[in-house]
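Input: a single structure, listed below in structure tokens.
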Amino acid sequence: MMTKDSLSLSALFIPILFTIAGSADGGSIVFDEVAERSGVKFRFQTGSRGMRDLPEIMGGGSALFDCDGDGDLDLYCCDGGPIVPKPGYVDKPCRLYKNQGDWRFVDATDGSGAPGPSYATGAATGDYDGDGRVDLLVTGWRDRRLYHNEGNGRFRDVTRFAGLESNRWSSSAAFADLDGDGDLDLFISNYIEYDALKAPYCSAPDGVRDYCGPEDFPASSGQLYRNEGDGTFREVSIESGIAAAKNGRGLGVLIADLVGDRAPDIFVANDGSACFLFENQGKMRFREVAVASGVAFNARGDAIAGMGVGRGDLDGDGGIDFLVGDLYERSTVCFRLIGEGTYRDDSEFFGVAAATRRATGFGLVLADFDSDGALDLIQANGHVLARERLGIPFAMPTILLRNDARGKMIDASKRAGPWFEKAILGRGVAVGDLDGDGDLDAVVAALDSNLAILRNDSTGGRGIVLNLIAESRFGRDPVGTCVRAKIGERVIVRDIYGGGSYLSASDRRVHLGLGTAKRIDSIEIEWPSSRIETWIDPAIKGATIDFIEGTGVPISK
């Protein structure tokens, strides 16, 4: 192992567009839907009262994380409820399913202490107090909750103590160390001000009642919270400059180095208005630069109906790109990194535009499902307008795009398994290795429909999962870490970011697709502390390797 305490990663790596041997025709991406067989029977209840209330079509998130410290990914599913509860109604809790191994889950909701807020929408995970256990934030239409992980899959509601109580409609959220002090701060995206008893009447062109648009309601701006290091958070939205950005109805959130200076920035996918990119200026100060960076609008200059956000090096050139879901007939937008802090909408070039044009994209994740070293795309879809009688689909199939490793995304949905033919009102997507075999599985939530667990049965390449454990005086959460792996002539770049997808939290371990390679030549890790470590020819014995910052010894499992 070689250690460098201060050196720019960009100086060590010259971006090249690579071709991965065997990726185009050496295997296939195939999933088997196994939720019910695995013991997970969950449906997100919208609580519709037939009045086309906007909250009933906006929920449906989940989280994949190790809640009990046994090394397996567990599953947390957010649930809604009635739009207008009757007197005496008790909210139906969100569900926690513990992974027992061998594709068996048990419902551990009772006694877990994490029932969720009233009409829960989404989940975010992070070890905010540095005790080595992953904590859980659950957002909601009427409420939100922060649950401290007490160990063994038990949680304690610390919302009031932490200073996070609010009845604003919160959507996506993300943890990250935004001020460089070693602990995780928090950004919560809020949507609109909505009162079901005062909502206006909105209609389709034929006069039939339909869902209103976000522009019909006042925006509810996002909130930034500084971690005070004592288990509490302090809102700093105004002094940080975040509050200066107006008219944002946020749904998707991504926190990562988006401008190339290794400081975490905040991207917010707004619904129907310009997206925000808050550039980190240091000392918890931010400047909104979305227009200058090329990510405020799509290539046509139109505002995006931004829902989910996906991140990853799509074309293998070493620069990390990101995608934003959009409405039916507009297509998902792919922002390609073309220079430090500068992006271009290259959705047409990548083939993403043609493949997603007839879909309304919510949860989307870039992940290497066939383990060939190139990132594929899974996107859950479902409209926000109920106009099937007018020839516009409401429920839609989930889309799977396979990366051909030459900068093109190819629609592989029809060959991915029978479940991908099913039309659903898809919303949240979370991805992670649920069975410890080195490839990535997926969870897809839908409205008033069964949650799907997609077991990866793909063939072709071999995958390895890197479990990164950061060491700082505040904790071991690796968000903000960047990994560069050299495998033969290829260099694969991955980073651990906050947020992503839609209302959902994926596993934050790093997955590397080896393709047909038998070994990894080197792994270079830049930790959130700025320490850079390089492991030469790390041993690969199993499907998981632990890397603990500063120890110099990778542990293959």
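In the structure tokens, the first chain shown is A, the next is B, and so on; residue numbers restart at 1 for each chain, and ligands run from 1 in the order shown.
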Hey, which bits of segment 173-205 of chain A sit within 12 Å of segment 505-509 of chain A, and for each residue what's the closest pair of atoms and how far apart in Å (one decimal), counting only C-alpha atoms, rows by chain and increasing number, as CSV?
residue,atom,partner,partner_atom,distance
A:Ala173,CA,A:Ala505,CA,9.3
A:Ala174,CA,A:Ala505,CA,8.9
A:Phe175,CA,A:Ala505,CA,10.6
If you keep N, CA, C and O atoms, can you produce a file of those selected residues as a PDB file, in the first residue's frame?
ATOM      1  N   ALA A 173     -33.832  13.645   0.628  1.00  0.00           N
ATOM      2  CA  ALA A 173     -32.873  14.230   1.564  1.00  0.00           C
ATOM      3  C   ALA A 173     -31.535  13.530   1.387  1.00  0.00           C
ATOM      4  O   ALA A 173     -31.459  12.441   0.796  1.00  0.00           O
ATOM      5  N   ALA A 174     -30.470  14.161   1.895  1.00  0.00           N
ATOM      6  CA  ALA A 174     -29.143  13.560   1.753  1.00  0.00           C
ATOM      7  C   ALA A 174     -28.237  14.023   2.879  1.00  0.00           C
ATOM      8  O   ALA A 174     -28.262  15.198   3.283  1.00  0.00           O
ATOM      9  N   PHE A 175     -27.420  13.083   3.369  1.00  0.00           N
ATOM     10  CA  PHE A 175     -26.386  13.374   4.357  1.00  0.00           C
ATOM     11  C   PHE A 175     -25.042  13.508   3.649  1.00  0.00           C
ATOM     12  O   PHE A 175     -24.729  12.754   2.728  1.00  0.00           O
TER      13      PHE A 175
END
All residues 6 Å or closer to segment 447-449 of chain A, only C-alpha atoms, same chain fewer than 2 positions away omitted, as an MDAnalysis selection string: chainID A and resid 43:45 425
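Restricting the calculation to only C-alpha atoms, the smallest distance between Ala256 of chain A and any of A:Gly500, A:Gly513, A:Pro55, A:Pro87 is found for A:Gly500.
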Selection: 12 Å around Lys518 of chain A, only C-alpha atoms, excl. self and same-chain fewer than 4 positions, as an NGL selection string: :A and (461-464 or 487-488 or 513-514 or 537-541)
Could you give me, as a tab-separated table (two decimals) with all heavy atoms, in the first residue's frame, the residues within 8 Å of segment 483-486 of chain A, counting only C-alpha atoms and dropping anything in the same chain fewer than 2 positions from it?
chain	number	residue	atom	x	y	z
A	481	THR	N	-16.22	9.70	-0.55
A	481	THR	CA	-15.03	8.96	-0.97
A	481	THR	C	-15.04	8.74	-2.49
A	481	THR	O	-16.09	8.48	-3.08
A	481	THR	CB	-14.97	7.59	-0.26
A	481	THR	OG1	-14.96	7.80	1.15
A	481	THR	CG2	-13.73	6.81	-0.67
A	488	GLY	N	-6.46	-4.13	-15.77
A	488	GLY	CA	-5.88	-4.23	-17.10
A	488	GLY	C	-5.63	-2.85	-17.68
A	488	GLY	O	-4.96	-2.02	-17.06
A	489	GLU	N	-6.19	-2.59	-18.86
A	489	GLU	CA	-6.03	-1.28	-19.50
A	489	GLU	C	-7.12	-0.30	-19.09
A	489	GLU	O	-7.11	0.85	-19.54
A	489	GLU	CB	-6.05	-1.45	-21.03
A	489	GLU	CG	-4.92	-2.31	-21.58
A	489	GLU	CD	-3.56	-1.72	-21.23
A	489	GLU	OE1	-3.38	-0.50	-21.36
A	489	GLU	OE2	-2.68	-2.50	-20.82
A	490	ARG	N	-8.00	-0.74	-18.25
A	490	ARG	CA	-9.14	0.11	-17.88
A	490	ARG	C	-8.93	0.79	-16.54
A	490	ARG	O	-8.27	0.25	-15.66
A	490	ARG	CB	-10.43	-0.72	-17.80
A	490	ARG	CG	-10.80	-1.41	-19.07
A	490	ARG	CD	-12.07	-2.22	-18.89
A	490	ARG	NE	-11.85	-3.48	-18.19
A	490	ARG	CZ	-12.52	-3.87	-17.13
A	490	ARG	NH1	-13.44	-3.10	-16.62
A	490	ARG	NH2	-12.28	-5.04	-16.58
A	491	VAL	N	-9.51	1.96	-16.39
A	491	VAL	CA	-9.59	2.63	-15.10
A	491	VAL	C	-11.06	2.92	-14.83
A	491	VAL	O	-11.72	3.60	-15.62
A	491	VAL	CB	-8.77	3.93	-15.06
A	491	VAL	CG1	-8.97	4.63	-13.72
A	491	VAL	CG2	-7.30	3.65	-15.31
A	492	ILE	N	-11.57	2.37	-13.75
A	492	ILE	CA	-12.97	2.58	-13.37
A	492	ILE	C	-13.03	3.58	-12.23
A	492	ILE	O	-12.33	3.43	-11.23
A	492	ILE	CB	-13.62	1.24	-12.95
A	492	ILE	CG1	-13.63	0.26	-14.12
A	492	ILE	CG2	-15.03	1.46	-12.43
A	492	ILE	CD1	-14.17	-1.11	-13.77
A	493	VAL	N	-13.86	4.59	-12.39
A	493	VAL	CA	-14.01	5.64	-11.38
A	493	VAL	C	-15.40	5.55	-10.77
A	493	VAL	O	-16.41	5.53	-11.48
A	493	VAL	CB	-13.81	7.04	-12.01
A	493	VAL	CG1	-13.93	8.13	-10.94
A	493	VAL	CG2	-12.46	7.12	-12.70
A	494	ARG	N	-15.45	5.48	-9.45
A	494	ARG	CA	-16.71	5.47	-8.72
A	494	ARG	C	-16.58	6.39	-7.51
A	494	ARG	O	-15.49	6.52	-6.93
A	494	ARG	CB	-17.07	4.06	-8.23
A	494	ARG	CG	-17.18	3.02	-9.33
A	494	ARG	CD	-18.46	3.18	-10.12
A	494	ARG	NE	-18.60	2.10	-11.10
A	494	ARG	CZ	-18.28	2.20	-12.38
A	494	ARG	NH1	-17.78	3.35	-12.84
A	494	ARG	NH2	-18.45	1.18	-13.21
A	495	ASP	N	-17.67	7.01	-7.09
A	495	ASP	CA	-17.64	7.79	-5.85
A	495	ASP	C	-18.88	7.49	-5.02
A	495	ASP	O	-19.87	6.95	-5.51
A	495	ASP	CB	-17.51	9.29	-6.13
A	495	ASP	CG	-18.75	9.91	-6.77
A	495	ASP	OD1	-19.59	9.16	-7.32
A	495	ASP	OD2	-18.88	11.14	-6.73
A	520	ILE	N	-7.51	-7.33	-9.84
A	520	ILE	CA	-7.51	-5.87	-9.85
A	520	ILE	C	-6.06	-5.43	-9.69
A	520	ILE	O	-5.40	-5.80	-8.71
A	520	ILE	CB	-8.37	-5.30	-8.71
A	520	ILE	CG1	-9.82	-5.77	-8.84
A	520	ILE	CG2	-8.31	-3.78	-8.72
A	520	ILE	CD1	-10.69	-5.37	-7.67
A	521	ASP	N	-5.54	-4.66	-10.65
A	521	ASP	CA	-4.14	-4.24	-10.58
A	521	ASP	C	-3.90	-3.29	-9.41
A	521	ASP	O	-2.91	-3.43	-8.68
A	521	ASP	CB	-3.72	-3.57	-11.90
A	521	ASP	CG	-3.79	-4.55	-13.06
A	521	ASP	OD1	-3.00	-5.50	-13.07
A	521	ASP	OD2	-4.66	-4.35	-13.93
A	522	SER	N	-4.79	-2.32	-9.24
A	522	SER	CA	-4.64	-1.39	-8.12
A	522	SER	C	-5.96	-0.72	-7.82
A	522	SER	O	-6.83	-0.58	-8.70
A	522	SER	CB	-3.58	-0.33	-8.43
A	522	SER	OG	-4.00	0.50	-9.50
A	523	ILE	N	-6.12	-0.33	-6.58
A	523	ILE	CA	-7.28	0.46	-6.14
A	523	ILE	C	-6.76	1.68	-5.42
A	523	ILE	O	-6.00	1.57	-4.44
A	523	ILE	CB	-8.20	-0.35	-5.21
A	523	ILE	CG1	-8.87	-1.49	-6.00
A	523	ILE	CG2	-9.26	0.55	-4.59
A	523	ILE	CD1	-9.78	-2.36	-5.15
A	524	GLU	N	-7.14	2.84	-5.91
A	524	GLU	CA	-6.76	4.10	-5.28
A	524	GLU	C	-8.01	4.72	-4.65
A	524	GLU	O	-9.05	4.86	-5.31
A	524	GLU	CB	-6.17	5.06	-6.30
A	524	GLU	CG	-5.73	6.38	-5.72
A	524	GLU	CD	-5.17	7.30	-6.79
A	524	GLU	OE1	-3.95	7.24	-7.04
A	524	GLU	OE2	-5.95	8.04	-7.41
A	525	ILE	N	-7.92	5.06	-3.38
A	525	ILE	CA	-9.06	5.60	-2.63
A	525	ILE	C	-8.70	6.96	-2.07
A	525	ILE	O	-7.69	7.11	-1.37
A	525	ILE	CB	-9.49	4.67	-1.48
A	525	ILE	CG1	-9.87	3.28	-2.03
A	525	ILE	CG2	-10.65	5.26	-0.70
A	525	ILE	CD1	-10.19	2.26	-0.95
A	526	GLU	N	-9.50	7.97	-2.42
A	526	GLU	CA	-9.38	9.27	-1.76
A	526	GLU	C	-10.52	9.39	-0.77
A	526	GLU	O	-11.69	9.42	-1.15
A	526	GLU	CB	-9.40	10.43	-2.74
A	526	GLU	CG	-9.23	11.77	-2.02
A	526	GLU	CD	-9.04	12.95	-2.95
A	526	GLU	OE1	-9.05	12.75	-4.17
A	526	GLU	OE2	-8.90	14.07	-2.44
